[in-house]
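Student: Structure supplied as start30.cif; contents: mmCIF, C-alpha atoms.
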data_start
loop_
_atom_site.label_atom_id
_atom_site.label_comp_id
_atom_site.auth_asym_id
_atom_site.auth_seq_id
_atom_site.Cartn_x
_atom_site.Cartn_y
_atom_site.Cartn_z
CA MET R 1018 1.60 -12.29 -34.17
CA LEU R 1019 4.85 -11.45 -32.39
CA TYR R 1020 2.96 -10.03 -29.39
CA VAL R 1021 0.88 -13.21 -29.12
CA VAL R 1022 3.96 -15.45 -29.19
CA ILE R 1023 5.74 -13.29 -26.59
CA GLY R 1024 2.62 -13.21 -24.43
CA ILE R 1025 2.26 -17.00 -24.44
CA ALA R 1026 5.98 -17.46 -23.75
CA VAL R 1027 5.87 -15.02 -20.82
CA LEU R 1028 2.80 -16.74 -19.37
CA LEU R 1029 4.49 -20.15 -19.52
CA LEU R 1030 7.63 -18.82 -17.89
CA VAL R 1031 5.60 -17.16 -15.12
CA LEU R 1032 3.91 -20.50 -14.42
CA LEU R 1033 7.36 -22.10 -14.26
CA GLY R 1034 8.43 -19.56 -11.63
CA GLU R 1035 10.79 -17.40 -13.67
CA PRO R 1036 11.69 -14.08 -11.90
CA VAL R 1037 9.56 -11.16 -13.09
CA PHE R 1038 12.47 -8.80 -13.83
CA ILE R 1039 14.04 -11.34 -16.23
CA LEU R 1040 10.79 -11.66 -18.18
CA ILE R 1041 10.24 -7.90 -18.36
CA GLY R 1042 13.84 -7.15 -19.31
CA ALA R 1043 14.01 -9.91 -21.92
CA GLY R 1044 10.65 -8.81 -23.34
CA GLY R 1045 11.87 -5.23 -23.70
CA LEU R 1046 15.13 -6.29 -25.36
CA LEU R 1047 13.30 -8.58 -27.80
CA LEU R 1048 10.66 -6.01 -28.72
CA PHE R 1049 13.18 -3.22 -29.35
CA ASN R 1050 15.31 -5.58 -31.42
CA SER R 1051 12.23 -6.53 -33.49
CA ILE R 1052 11.82 -2.90 -34.67
CA GLY R 1053 15.51 -2.35 -35.30
CA VAL R 1054 16.16 -0.12 -32.27
CA SER R 1055 19.29 -0.57 -30.17
CA THR R 1056 18.65 -2.61 -27.04
CA SER R 1057 20.51 0.07 -25.09
CA ALA R 1058 17.08 1.78 -24.94
CA VAL R 1059 16.29 -0.66 -22.13
CA ILE R 1060 19.61 -0.42 -20.31
CA VAL R 1061 19.65 3.39 -20.36
CA GLU R 1062 16.57 3.40 -18.14
CA LEU R 1063 18.65 1.98 -15.29
CA TYR R 1064 20.81 5.10 -15.48
CA ARG R 1065 17.78 7.40 -15.70
CA LEU R 1066 16.25 5.64 -12.70
CA ALA R 1067 19.25 6.53 -10.56
CA SER R 1068 18.72 10.25 -11.25
CA LEU R 1069 15.09 10.38 -10.12
CA PRO R 1070 14.84 12.65 -7.02
CA ALA R 1071 12.13 10.58 -5.32
CA LEU R 1072 14.07 7.31 -5.68
CA ILE R 1073 16.00 7.68 -2.41
CA ALA R 1074 12.71 7.71 -0.48
CA ILE R 1075 12.08 4.02 -1.23
CA PRO R 1076 15.09 2.46 0.61
CA LEU R 1077 14.96 4.94 3.48
CA PHE R 1078 11.23 4.58 4.21
CA THR R 1079 11.51 0.80 3.79
CA PHE R 1080 14.43 0.59 6.22
CA ALA R 1081 12.60 2.72 8.80
CA GLY R 1082 9.44 0.61 8.43
CA TYR R 1083 11.31 -2.65 8.99
CA LEU R 1084 13.02 -1.19 12.06
CA LEU R 1085 9.64 -0.23 13.53
CA ALA R 1086 8.25 -3.70 12.77
CA GLU R 1087 11.12 -5.42 14.59
CA SER R 1088 10.93 -3.16 17.67
CA GLU R 1089 8.36 -2.99 20.46
CA ALA R 1090 6.67 -0.06 18.70
CA PRO R 1091 3.61 -2.15 17.62
CA LYS R 1092 2.80 -3.03 21.24
CA ARG R 1093 3.23 0.55 22.40
CA LEU R 1094 1.05 1.78 19.55
CA VAL R 1095 -1.75 -0.67 20.38
CA ARG R 1096 -1.62 0.19 24.07
CA LEU R 1097 -1.86 3.90 23.30
CA ALA R 1098 -4.79 3.47 20.92
CA GLN R 1099 -6.64 1.22 23.36
CA ALA R 1100 -6.15 3.69 26.22
CA PHE R 1101 -7.76 6.49 24.21
CA PHE R 1102 -10.39 4.59 22.18
CA GLY R 1103 -11.14 1.49 24.26
CA TRP R 1104 -14.13 3.18 25.98
CA MET R 1105 -16.07 3.45 22.70
CA PRO R 1106 -18.55 0.80 21.47
CA GLY R 1107 -16.44 -1.49 19.31
CA GLY R 1108 -13.44 0.35 20.73
CA LEU R 1109 -10.93 -2.50 20.51
CA ALA R 1110 -11.86 -3.16 16.88
CA ILE R 1111 -11.41 0.54 16.09
CA VAL R 1112 -8.07 0.42 17.92
CA SER R 1113 -7.08 -2.45 15.63
CA LEU R 1114 -8.08 -0.51 12.51
CA ILE R 1115 -6.22 2.65 13.51
CA SER R 1116 -3.11 0.84 14.77
CA THR R 1117 -2.72 -1.33 11.69
CA ALA R 1118 -3.44 1.55 9.30
CA ILE R 1119 -0.68 3.68 10.84
CA PHE R 1120 1.67 0.72 10.99
CA THR R 1121 1.06 -0.26 7.34
CA ALA R 1122 1.57 3.33 6.21
CA PHE R 1123 5.10 3.20 7.61
CA THR R 1124 5.98 -0.40 6.71
CA GLY R 1125 4.17 -0.51 3.36
CA ALA R 1126 3.82 -4.30 3.43
CA SER R 1127 0.66 -6.07 4.53
CA GLY R 1128 2.48 -9.24 5.43
CA VAL R 1129 4.55 -7.39 8.01
CA THR R 1130 1.43 -5.84 9.56
CA ILE R 1131 -0.50 -9.09 9.90
CA VAL R 1132 2.48 -10.93 11.35
CA ALA R 1133 3.56 -8.12 13.71
CA LEU R 1134 0.14 -6.92 14.93
CA GLY R 1135 -2.15 -9.83 14.08
CA GLY R 1136 -0.67 -12.10 16.70
CA LEU R 1137 -1.04 -9.32 19.26
CA LEU R 1138 -4.57 -8.11 18.46
CA TYR R 1139 -6.40 -11.26 17.34
CA PRO R 1140 -6.32 -13.07 20.73
CA ILE R 1141 -7.41 -9.86 22.50
CA LEU R 1142 -10.36 -9.40 20.13
CA VAL R 1143 -11.53 -12.99 20.72
CA LYS R 1144 -10.98 -12.70 24.47
CA GLU R 1145 -13.14 -9.55 24.56
CA SER R 1146 -16.07 -11.55 23.04
CA TYR R 1147 -15.80 -10.41 19.43
CA PRO R 1148 -16.94 -13.24 17.10
CA ASP R 1149 -14.02 -15.29 15.83
CA ARG R 1150 -15.06 -14.77 12.21
CA PHE R 1151 -15.21 -10.99 12.72
CA ALA R 1152 -11.78 -10.93 14.41
CA THR R 1153 -10.26 -12.98 11.60
CA GLY R 1154 -11.83 -10.82 8.89
CA LEU R 1155 -10.78 -7.62 10.65
CA MET R 1156 -7.13 -8.64 10.97
CA THR R 1157 -7.02 -9.90 7.38
CA THR R 1158 -8.50 -6.63 6.10
CA SER R 1159 -6.43 -4.35 8.27
CA GLY R 1160 -3.25 -5.86 6.86
CA SER R 1161 -3.48 -3.51 3.87
CA LEU R 1162 -5.19 -0.53 5.50
CA GLY R 1163 -2.96 2.50 5.44
CA LEU R 1164 -1.56 2.13 1.92
CA LEU R 1165 -3.27 5.43 1.06
CA PHE R 1166 -1.55 7.28 3.91
CA PRO R 1167 1.92 8.82 3.69
CA PRO R 1168 4.66 7.67 3.61
CA SER R 1169 3.31 4.46 2.03
CA LEU R 1170 5.81 2.80 -0.30
CA PRO R 1171 3.23 1.99 -3.06
CA ILE R 1172 2.33 5.71 -3.25
CA ILE R 1173 5.98 6.63 -3.84
CA LEU R 1174 6.39 3.88 -6.42
CA TYR R 1175 3.20 4.92 -8.23
CA GLY R 1176 4.37 8.55 -8.32
CA ILE R 1177 7.74 7.57 -9.82
CA VAL R 1178 6.24 5.30 -12.48
CA ALA R 1179 3.40 7.67 -13.42
CA GLY R 1180 5.56 10.79 -13.29
CA ILE R 1181 3.29 12.46 -10.71
CA SER R 1182 4.30 14.51 -7.67
CA VAL R 1183 4.63 12.15 -4.69
CA ASP R 1184 3.70 15.01 -2.35
CA LYS R 1185 0.47 15.53 -4.27
CA LEU R 1186 -0.36 11.81 -4.07
CA PHE R 1187 0.33 11.84 -0.33
CA ALA R 1188 -2.26 14.61 0.11
CA ALA R 1189 -4.77 12.99 -2.25
CA GLY R 1190 -4.86 9.68 -0.36
CA VAL R 1191 -5.66 11.06 3.09
CA LEU R 1192 -9.43 11.66 2.86
CA PRO R 1193 -10.23 8.44 0.92
CA GLY R 1194 -8.14 6.52 3.47
CA ILE R 1195 -10.02 8.11 6.37
CA LEU R 1196 -13.35 7.36 4.65
CA LEU R 1197 -12.54 3.65 4.45
CA ILE R 1198 -11.46 3.49 8.11
CA VAL R 1199 -14.61 5.35 9.23
CA MET R 1200 -16.87 2.96 7.27
CA LEU R 1201 -15.11 -0.08 8.74
CA SER R 1202 -15.31 1.52 12.21
CA VAL R 1203 -19.10 1.89 11.89
CA TYR R 1204 -19.36 -1.82 11.10
CA SER R 1205 -17.05 -2.58 14.05
CA ILE R 1206 -19.27 -0.56 16.40
CA TYR R 1207 -22.34 -2.41 15.14
CA THR R 1208 -20.64 -5.78 15.69
CA GLY R 1209 -19.39 -4.80 19.14
CA VAL R 1210 -22.86 -3.71 20.29
CA ARG R 1211 -24.58 -6.75 18.78
CA SER R 1212 -22.08 -9.14 20.37
CA GLY R 1213 -22.36 -7.50 23.79
CA VAL R 1214 -18.68 -6.62 23.98
CA LYS R 1215 -17.88 -4.83 27.23
CA ARG R 1216 -16.30 -1.43 26.97
CA GLN R 1217 -13.11 -0.52 28.75
CA ALA R 1218 -13.59 2.40 31.15
CA PHE R 1219 -11.39 5.37 30.32
CA SER R 1220 -8.49 5.68 32.74
CA LEU R 1221 -6.51 8.89 32.77
CA ARG R 1222 -3.64 7.11 34.54
CA GLU R 1223 -3.44 4.38 31.87
CA ALA R 1224 -3.75 6.96 29.09
CA LEU R 1225 -0.83 8.93 30.51
CA ARG R 1226 1.25 5.77 30.96
CA ALA R 1227 0.53 4.68 27.38
CA LEU R 1228 1.33 8.19 26.18
CA LYS R 1229 4.62 8.13 28.06
CA GLY R 1230 5.46 4.69 26.65
CA ALA R 1231 4.92 5.86 23.07
CA ILE R 1232 6.36 9.33 23.58
CA TRP R 1233 9.18 8.75 21.07
CA GLU R 1234 7.10 7.16 18.28
CA LEU R 1235 4.07 9.44 18.66
CA PRO R 1236 5.65 12.55 17.07
CA LEU R 1237 6.78 10.63 13.98
CA PRO R 1238 3.62 11.01 11.82
CA PHE R 1239 3.37 14.69 12.74
CA ILE R 1240 7.02 15.34 11.93
CA ILE R 1241 6.89 13.56 8.57
CA ILE R 1242 3.44 14.61 7.33
CA GLY R 1243 3.52 18.06 8.92
CA GLY R 1244 7.02 18.70 7.58
CA ILE R 1245 6.07 17.78 4.01
CA TYR R 1246 2.87 19.85 3.86
CA GLY R 1247 4.30 22.65 5.97
CA GLY R 1248 6.89 23.14 3.24
CA PHE R 1249 9.84 22.37 5.52
CA PHE R 1250 11.12 19.45 3.44
CA THR R 1251 10.24 17.21 0.49
CA ALA R 1252 9.15 13.57 0.62
CA SER R 1253 12.72 12.46 -0.18
CA GLU R 1254 14.14 14.57 2.63
CA ALA R 1255 11.39 13.28 4.93
CA SER R 1256 12.52 9.71 4.28
CA ALA R 1257 16.06 10.56 5.46
CA ILE R 1258 14.71 12.28 8.57
CA MET R 1259 12.44 9.34 9.38
CA ALA R 1260 15.17 6.73 8.87
CA PHE R 1261 17.59 8.66 11.10
CA TYR R 1262 14.95 9.33 13.76
CA VAL R 1263 13.77 5.70 13.94
CA LEU R 1264 17.36 4.41 14.00
CA VAL R 1265 18.31 6.67 16.91
CA VAL R 1266 15.10 5.98 18.88
CA GLU R 1267 14.79 2.20 18.43
CA VAL R 1268 18.50 1.32 18.50
CA PHE R 1269 20.15 3.85 20.81
CA LEU R 1270 17.41 5.33 23.05
CA LEU R 1271 14.90 2.51 23.59
CA ARG R 1272 17.31 -0.28 22.56
CA ASP R 1273 14.53 -2.51 21.22
CA VAL R 1274 16.80 -3.33 18.30
CA LYS R 1275 20.33 -4.50 19.17
CA PHE R 1276 23.02 -2.75 17.16
CA PHE R 1277 25.22 -5.80 16.44
CA LYS R 1278 22.66 -8.59 16.76
CA ASP R 1279 19.55 -7.21 15.00
CA LEU R 1280 20.48 -4.18 12.90
CA PRO R 1281 22.54 -5.97 10.21
CA ARG R 1282 19.78 -8.58 9.74
CA ILE R 1283 17.04 -5.93 9.49
CA THR R 1284 19.10 -3.84 7.08
CA LYS R 1285 19.75 -6.84 4.85
CA LYS R 1286 16.10 -7.91 4.90
CA SER R 1287 14.79 -4.46 4.03
CA MET R 1288 17.34 -3.87 1.27
CA MET R 1289 16.57 -7.22 -0.35
CA LEU R 1290 13.02 -5.95 -0.90
CA VAL R 1291 14.32 -2.61 -2.18
CA GLY R 1292 16.76 -4.35 -4.53
CA ALA R 1293 13.98 -6.48 -5.97
CA ILE R 1294 11.83 -3.39 -6.53
CA PHE R 1295 14.65 -1.46 -8.22
CA VAL R 1296 15.54 -4.30 -10.58
CA VAL R 1297 11.92 -4.73 -11.66
CA LEU R 1298 11.45 -0.96 -11.89
CA GLY R 1299 14.54 -0.49 -14.08
CA THR R 1300 13.64 -3.23 -16.55
CA ALA R 1301 9.96 -2.18 -16.61
CA LEU R 1302 10.83 1.42 -17.45
CA GLY R 1303 12.81 0.07 -20.39
CA LEU R 1304 9.75 -1.85 -21.57
CA THR R 1305 7.65 1.30 -21.04
CA ASN R 1306 9.96 3.09 -23.49
CA TYR R 1307 8.91 0.61 -26.14
CA LEU R 1308 5.21 1.01 -25.33
CA ILE R 1309 5.48 4.80 -25.65
CA ASP R 1310 7.61 4.62 -28.80
CA GLN R 1311 5.06 2.35 -30.49
CA GLN R 1312 2.11 4.38 -29.11
CA ILE R 1313 0.61 1.24 -27.54
CA PRO R 1314 -1.52 3.18 -24.99
CA MET R 1315 -3.05 5.24 -27.83
CA VAL R 1316 -3.80 2.09 -29.85
CA MET R 1317 -5.43 0.56 -26.77
CA PHE R 1318 -7.47 3.71 -26.18
CA GLN R 1319 -8.73 3.74 -29.77
CA PHE R 1320 -9.73 0.08 -29.44
CA ILE R 1321 -11.47 0.59 -26.08
CA HIS R 1322 -13.16 3.79 -27.27
CA ARG R 1323 -14.94 1.85 -30.03
CA PHE R 1324 -16.91 0.00 -27.37
CA VAL R 1325 -16.77 2.37 -24.38
CA SER R 1326 -17.37 6.07 -24.86
CA SER R 1327 -18.68 6.86 -21.36
CA GLN R 1328 -16.29 7.81 -18.55
CA LEU R 1329 -18.71 6.18 -16.11
CA VAL R 1330 -18.54 2.79 -17.86
CA PHE R 1331 -14.77 3.08 -18.34
CA LEU R 1332 -14.25 3.60 -14.61
CA ILE R 1333 -16.33 0.52 -13.80
CA LEU R 1334 -14.28 -1.59 -16.22
CA LEU R 1335 -11.05 -0.05 -14.93
CA ASN R 1336 -11.89 -0.99 -11.34
CA LEU R 1337 -12.74 -4.56 -12.33
CA PHE R 1338 -9.46 -4.83 -14.22
CA LEU R 1339 -7.42 -3.37 -11.36
CA LEU R 1340 -9.02 -5.61 -8.73
CA VAL R 1341 -7.95 -8.68 -10.68
CA ILE R 1342 -4.46 -7.36 -11.50
CA ASN R 1343 -3.77 -6.23 -7.93
CA MET R 1344 -4.42 -9.71 -6.52
CA VAL R 1345 -1.08 -10.68 -8.04
CA GLU R 1346 2.40 -9.36 -7.11
CA ILE R 1347 1.68 -5.70 -6.35
CA PHE R 1348 4.93 -3.95 -7.17
CA SER R 1349 5.03 -5.59 -10.59
CA ALA R 1350 1.38 -4.56 -11.08
CA ILE R 1351 2.22 -0.91 -10.37
CA ILE R 1352 5.30 -0.89 -12.57
CA ILE R 1353 3.78 -2.72 -15.55
CA VAL R 1354 0.16 -1.55 -15.56
CA VAL R 1355 0.43 2.13 -14.60
CA PRO R 1356 2.24 3.31 -17.78
CA LEU R 1357 -0.55 1.70 -19.82
CA ILE R 1358 -3.60 2.97 -17.95
CA VAL R 1359 -2.53 6.57 -17.19
CA PRO R 1360 -2.56 7.81 -20.83
CA ILE R 1361 -5.82 5.98 -21.54
CA ALA R 1362 -7.54 7.33 -18.42
CA MET R 1363 -6.44 10.89 -19.27
CA GLN R 1364 -8.14 10.53 -22.65
CA TYR R 1365 -11.37 9.93 -20.71
CA GLY R 1366 -10.79 13.13 -18.72
CA ILE R 1367 -9.70 11.42 -15.49
CA ASN R 1368 -7.29 13.42 -13.34
CA PRO R 1369 -4.01 11.42 -13.02
CA VAL R 1370 -3.82 12.11 -9.26
CA HIS R 1371 -7.40 10.88 -8.78
CA LEU R 1372 -6.49 7.84 -10.89
CA GLY R 1373 -3.58 7.19 -8.53
CA VAL R 1374 -5.93 7.09 -5.53
CA ILE R 1375 -8.30 4.75 -7.39
CA PHE R 1376 -5.39 2.47 -8.27
CA LEU R 1377 -4.05 2.40 -4.70
CA LEU R 1378 -7.47 1.76 -3.18
CA ASN R 1379 -7.90 -1.12 -5.61
CA LEU R 1380 -4.52 -2.30 -4.39
CA GLU R 1381 -5.74 -2.32 -0.77
CA ILE R 1382 -8.81 -4.31 -1.76
CA GLY R 1383 -6.87 -6.64 -4.06
CA TYR R 1384 -4.83 -7.78 -1.06
CA MET R 1385 -7.98 -9.28 0.50
CA LEU R 1386 -9.89 -10.29 -2.64
CA PRO R 1387 -10.57 -14.05 -3.00
CA PRO R 1388 -9.18 -16.27 -4.29
CA LEU R 1389 -5.60 -14.95 -4.65
CA GLY R 1390 -5.34 -11.90 -2.35
CA LEU R 1391 -2.03 -11.95 -0.47
CA ASN R 1392 -3.61 -11.11 2.90
CA LEU R 1393 -5.80 -14.23 2.71
CA PHE R 1394 -2.85 -16.60 2.54
CA ILE R 1395 -0.82 -14.75 5.17
CA SER R 1396 -3.80 -14.81 7.56
CA SER R 1397 -4.40 -18.48 6.86
CA LEU R 1398 -0.82 -19.25 7.90
CA ARG R 1399 -0.64 -16.76 10.77
CA PHE R 1400 -3.91 -17.79 12.44
CA GLU R 1401 -3.75 -21.45 11.33
CA LYS R 1402 -7.17 -21.41 9.67
CA ASP R 1403 -8.46 -23.04 6.52
CA ILE R 1404 -8.32 -20.64 3.57
CA VAL R 1405 -12.05 -21.07 2.88
CA LYS R 1406 -12.82 -19.82 6.41
CA ILE R 1407 -10.66 -16.78 5.70
CA TYR R 1408 -12.65 -16.16 2.51
CA ARG R 1409 -15.92 -16.17 4.46
CA ALA R 1410 -14.55 -14.00 7.25
CA VAL R 1411 -13.39 -11.26 4.91
CA LEU R 1412 -16.62 -10.93 2.84
CA PRO R 1413 -18.38 -8.22 4.96
CA PHE R 1414 -15.19 -6.14 5.05
CA LEU R 1415 -14.74 -6.64 1.31
CA ALA R 1416 -18.28 -5.39 0.64
CA ILE R 1417 -17.64 -2.23 2.70
CA ALA R 1418 -14.32 -1.60 0.93
CA LEU R 1419 -15.99 -1.96 -2.49
CA ILE R 1420 -18.63 0.61 -1.50
CA ALA R 1421 -15.84 2.97 -0.45
CA LEU R 1422 -14.16 2.34 -3.81
CA LEU R 1423 -17.31 3.38 -5.67
CA ILE R 1424 -17.57 6.57 -3.60
CA VAL R 1425 -13.93 7.47 -4.19
CA THR R 1426 -14.15 6.63 -7.90
CA TYR R 1427 -17.18 8.80 -8.64
CA LEU R 1428 -16.41 11.67 -6.22
CA PRO R 1429 -13.00 12.88 -7.47
CA ASP R 1430 -13.15 15.94 -5.18
CA LEU R 1431 -12.67 13.60 -2.23
CA SER R 1432 -9.19 12.85 -3.58
CA LEU R 1433 -8.36 16.28 -4.96
CA TYR R 1434 -9.70 18.53 -2.20
CA LEU R 1435 -6.58 18.51 0.01
CA THR R 1436 -4.24 18.96 -2.96
CA ARG R 1437 -6.06 22.24 -3.70
CA VAL R 1438 -6.37 23.41 -0.08
CA LEU R 1439 -2.73 22.67 0.71
CA ARG R 1440 -1.63 23.91 -2.73
CA VAL R 1441 0.64 20.93 -3.16
CA GLN R 1442 2.88 21.10 -6.23
#
Let me see whether you can do it: turn the structure in this file into structure tokens.
Tutor:
Amino acid sequence: MLYVVIGIAVLLLVLLGEPVFILIGAGGLLLFNSIGVSTSAVIVELYRLASLPALIAIPLFTFAGYLLAESEAPKRLVRLAQAFFGWMPGGLAIVSLISTAIFTAFTGASGVTIVALGGLLYPILVKESYPDRFATGLMTTSGSLGLLFPPSLPIILYGIVAGISVDKLFAAGVLPGILLIVMLSVYSIYTGVRSGVKRQAFSLREALRALKGAIWELPLPFIIIGGIYGGFFTASEASAIMAFYVLVVEVFLLRDVKFFKDLPRITKKSMMLVGAIFVVLGTALGLTNYLIDQQIPMVMFQFIHRFVSSQLVFLILLNLFLLVINMVEIFSAIIIVVPLIVPIAMQYGINPVHLGVIFLLNLEIGYMLPPLGLNLFISSLRFEKDIVKIYRAVLPFLAIALIALLIVTYLPDLSLYLTRVLRVQ
């Protein structure tokens, strides 16, 4: 009865706009008090959080991502991709997919990607004779592409909450992420050919100019990803290297970001997001303590197992559940839901790293899933289109992403292959 009362109270407070961390923290304090356990069990998690080795990666990667978003890096990245891929059928659309995927991997926030690159790419797509609906759907979808690629912030957060190696999750997300981009690229090629889009002739001169323009940003993915899997440094150390590198390049070498005018504002903006994540994470870990202490995941598993004994059926239900959950505020979804589903999924024999990839791919799709996906509303505002038109535009891309989700869900080797080959610990 207590859980029902608390659940109803939380729901009402959410509808009234109460901050998530207050609800989670208060819920944890109330539940521990109800079983006669000191409420310090919640507060102590804030201290434990500070000792987690991977924690430092969150503010550093976030800071670097915001710096890149505020610089001219997006334009240089698009120019480079167009110079090398513009000659292909559907080349500009593929350029959009690749550019936004890389950009989202570093910024970790779909809103930033749509705002920073959407305004740049959408008019070019329409000008090059791509259908308006296709261009709108592509930009809406590509806002969350790249969340499976390192050093994506949701991957780091998932690893911390689930207690899984972040390096292993980085490796596991690469092939599923590439699969999704390839499938969307095939559809882009089909649309480009059907719409009679003219291809851009390859120009060695333009390619070299674009390469020269992006010469400082281009090594970044190779330094970070190659350094992690080459064993030169950990994900946490990589975050420090990336933050320092981006700061030096964008502020002091290229001077896209002004030291006194822009840097304080960008730092404040990025750390406000980090602060919000840390507060929610700290209170949620306290609530997780209660769930583990009371064996709530095991009780849920026993209840679910009465009706679902098949791993196949469980995965279908899990995906449906995650798609709905991930339409809402994503960081809260990771922090609250992951501690519940990981123990249950392991009882069904699902590898926790594979589960992480499934969760994160659902997160990508949830961003663009009608009616509440975050990308839909950001696109509606950014491109000044009615939300219903955005819904229609995104449907073909949504169908492709759901097919990719099924493939990734039922072919676990796609996620786990690189972790074995690279021997990631």
Student: To one decimal in Å, tell me the separation between atom CA of Met1200 of chain R and atom CA of Asn1379 of chain R.
Tutor: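 Between atom CA of Met1200 of chain R and atom CA of Asn1379 of chain R the gap works out to 16.2 Å.
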Student: From the options R:Gly1292, R:Val1341, R:Ala1260, R:Ala1421, which residue's atoms come nearest to Leu1389 of chain R, counting only C-alpha atoms?
Tutor: R:Val1341
Student: Using the chain letters and numbers from the file, which residues does the PyMOL selection byres ((chain R and resi 1041-1057) around 8) grab, as a PDB file with C-alpha atoms, in the frame of the given file?
Tutor:
ATOM      1  CA  ILE R1023       5.740 -13.290 -26.590  1.00  0.00           C
ATOM      2  CA  VAL R1037       9.560 -11.160 -13.090  1.00  0.00           C
ATOM      3  CA  PHE R1038      12.470  -8.800 -13.830  1.00  0.00           C
ATOM      4  CA  ILE R1039      14.040 -11.340 -16.230  1.00  0.00           C
ATOM      5  CA  LEU R1040      10.790 -11.660 -18.180  1.00  0.00           C
ATOM      6  CA  ALA R1058      17.080   1.780 -24.940  1.00  0.00           C
ATOM      7  CA  VAL R1059      16.290  -0.660 -22.130  1.00  0.00           C
ATOM      8  CA  ILE R1060      19.610  -0.420 -20.310  1.00  0.00           C
ATOM      9  CA  VAL R1061      19.650   3.390 -20.360  1.00  0.00           C
ATOM     10  CA  VAL R1297      11.920  -4.730 -11.660  1.00  0.00           C
ATOM     11  CA  THR R1300      13.640  -3.230 -16.550  1.00  0.00           C
ATOM     12  CA  ALA R1301       9.960  -2.180 -16.610  1.00  0.00           C
ATOM     13  CA  GLY R1303      12.810   0.070 -20.390  1.00  0.00           C
ATOM     14  CA  LEU R1304       9.750  -1.850 -21.570  1.00  0.00           C
ATOM     15  CA  TYR R1307       8.910   0.610 -26.140  1.00  0.00           C
TER      16      TYR R1307
END
Student: Skip Val1266 of chain R itself and residues of its chain fewer than 2 positions away, then list as a list in words all residues within 12 Å of it, counting all atoms listed in the file.
Tutor: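 Residues near the query, excluding close chain neighbours: Ala1081, Leu1084, Leu1085, Ser1088, Glu1089, Ala1090, Ala1231, Ile1232, Trp1233, Glu1234, Leu1235, Pro1236, Leu1237, Met1259, Ala1260, Phe1261, Tyr1262, Val1263, Leu1264, Val1268, Phe1269, Leu1270, Leu1271, Arg1272, Asp1273, Val1274, Lys1275 and Phe1276 of chain R.
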Student: Would you please work out which residue, of R:Ser1159, R:Arg1437, R:Asp1149, R:Asp1184, is nearest to Phe1250 of chain R when using only C-alpha atoms?
Tutor: R:Asp1184
Student: Going by the chain IDs and residue numbers used in this file, which residues fall under the PyMOL selection byres ((chain R and resi 1163-1172) around 9)? Write them as a VMD selection string.
Tutor: chain R and resid 1074 to 1075 1078 to 1079 1115 1117 to 1127 1159 to 1162 1173 to 1177 1183 to 1184 1186 to 1195 1198 1238 1241 to 1242 1252 1255 to 1256 1347 to 1348 1351 1373 to 1374 1377 to 1378 1380 to 1381
Student: As an exercise, work out the distance from atom CA of Gln1328 of chain R to atom CA of Leu1372 of chain R in Å and give it to one decimal place.
Tutor: 12.4 Å
Student: Run the PyMOL selection byres ((chain R and resi 1418) around 10) mentally over the shown coordinates, then write out the matched residues as an MDAnalysis selection string, using the chain letters and numbers from the document.
Tutor: chainID R and resid 1158 1196:1198 1200:1201 1378:1379 1381:1382 1385 1412:1417 1419:1424
Student: Taking only C-alpha atoms into account, which of R:Asp1403, R:Lys1229, R:Ala1218, R:Met1105 comes nearest Ile1206 of chain R?
Tutor: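 For Ile1206 of chain R, the nearest of the candidates is R:Met1105.
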Student: What's the 7 Å shell around Asn1392 of chain R, counting all atoms listed in the file, without same-chain residues fewer than 2 positions away, as a ChimeraX atom specification?
Tutor: /R:1127-1128,1157,1160,1384-1385,1390,1394-1396
Student: Between atom CA of Leu1225 of chain R and atom CA of Thr1208 of chain R, what is the distance, to one decimal in Å?
Tutor: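 Answer for the atom CA of Leu1225 of chain R to atom CA of Thr1208 of chain R separation: 28.8 Å.
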Student: Within 12 Å of segment 1324-1326 of chain R, counting all atoms listed in the file, which residues show up once you throw out same-chain ones fewer than 3 positions away? Write them as a PyMOL selection string, please.
Tutor: chain R and resi 1317-1321+1329-1335+1361-1362+1364-1366
Student: Please determine, counting all atoms listed in the file, which residue among R:Ile1375, R:Ile1283, R:Leu1066, R:Leu1114 has the shortest atom-to-atom distance to Val1178 of chain R.
Tutor: R:Leu1066
Student: For each of R:Leu1228, R:Leu1435, R:Lys1144, R:Thr1426, take the minimum atom-to-atom distance to Arg1096 of chain R, counting only C-alpha atoms, then give the residue where this is smallest.
Tutor: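 Residue with the minimum atom-to-atom distance to Arg1096 of chain R: R:Leu1228.
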Student: Write out as a list in words which residues come within 12 Å of Ala1067 of chain R when counting only C-alpha atoms, dropping same-chain ones fewer than 4 positions away.
Tutor: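 In the requested form, the answer reads Ile1060, Val1061, Glu1062, Leu1063, Ala1071, Leu1072, Ile1073, Ile1177, Phe1295, Val1296, Leu1298 and Gly1299 of chain R.
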Student: Nearest to Pro1070 of chain R among R:Pro1429, R:Pro1369, R:Gly1180, R:Pro1360, with distances taken over all atoms listed in the file: which residue is it?
Tutor: R:Gly1180
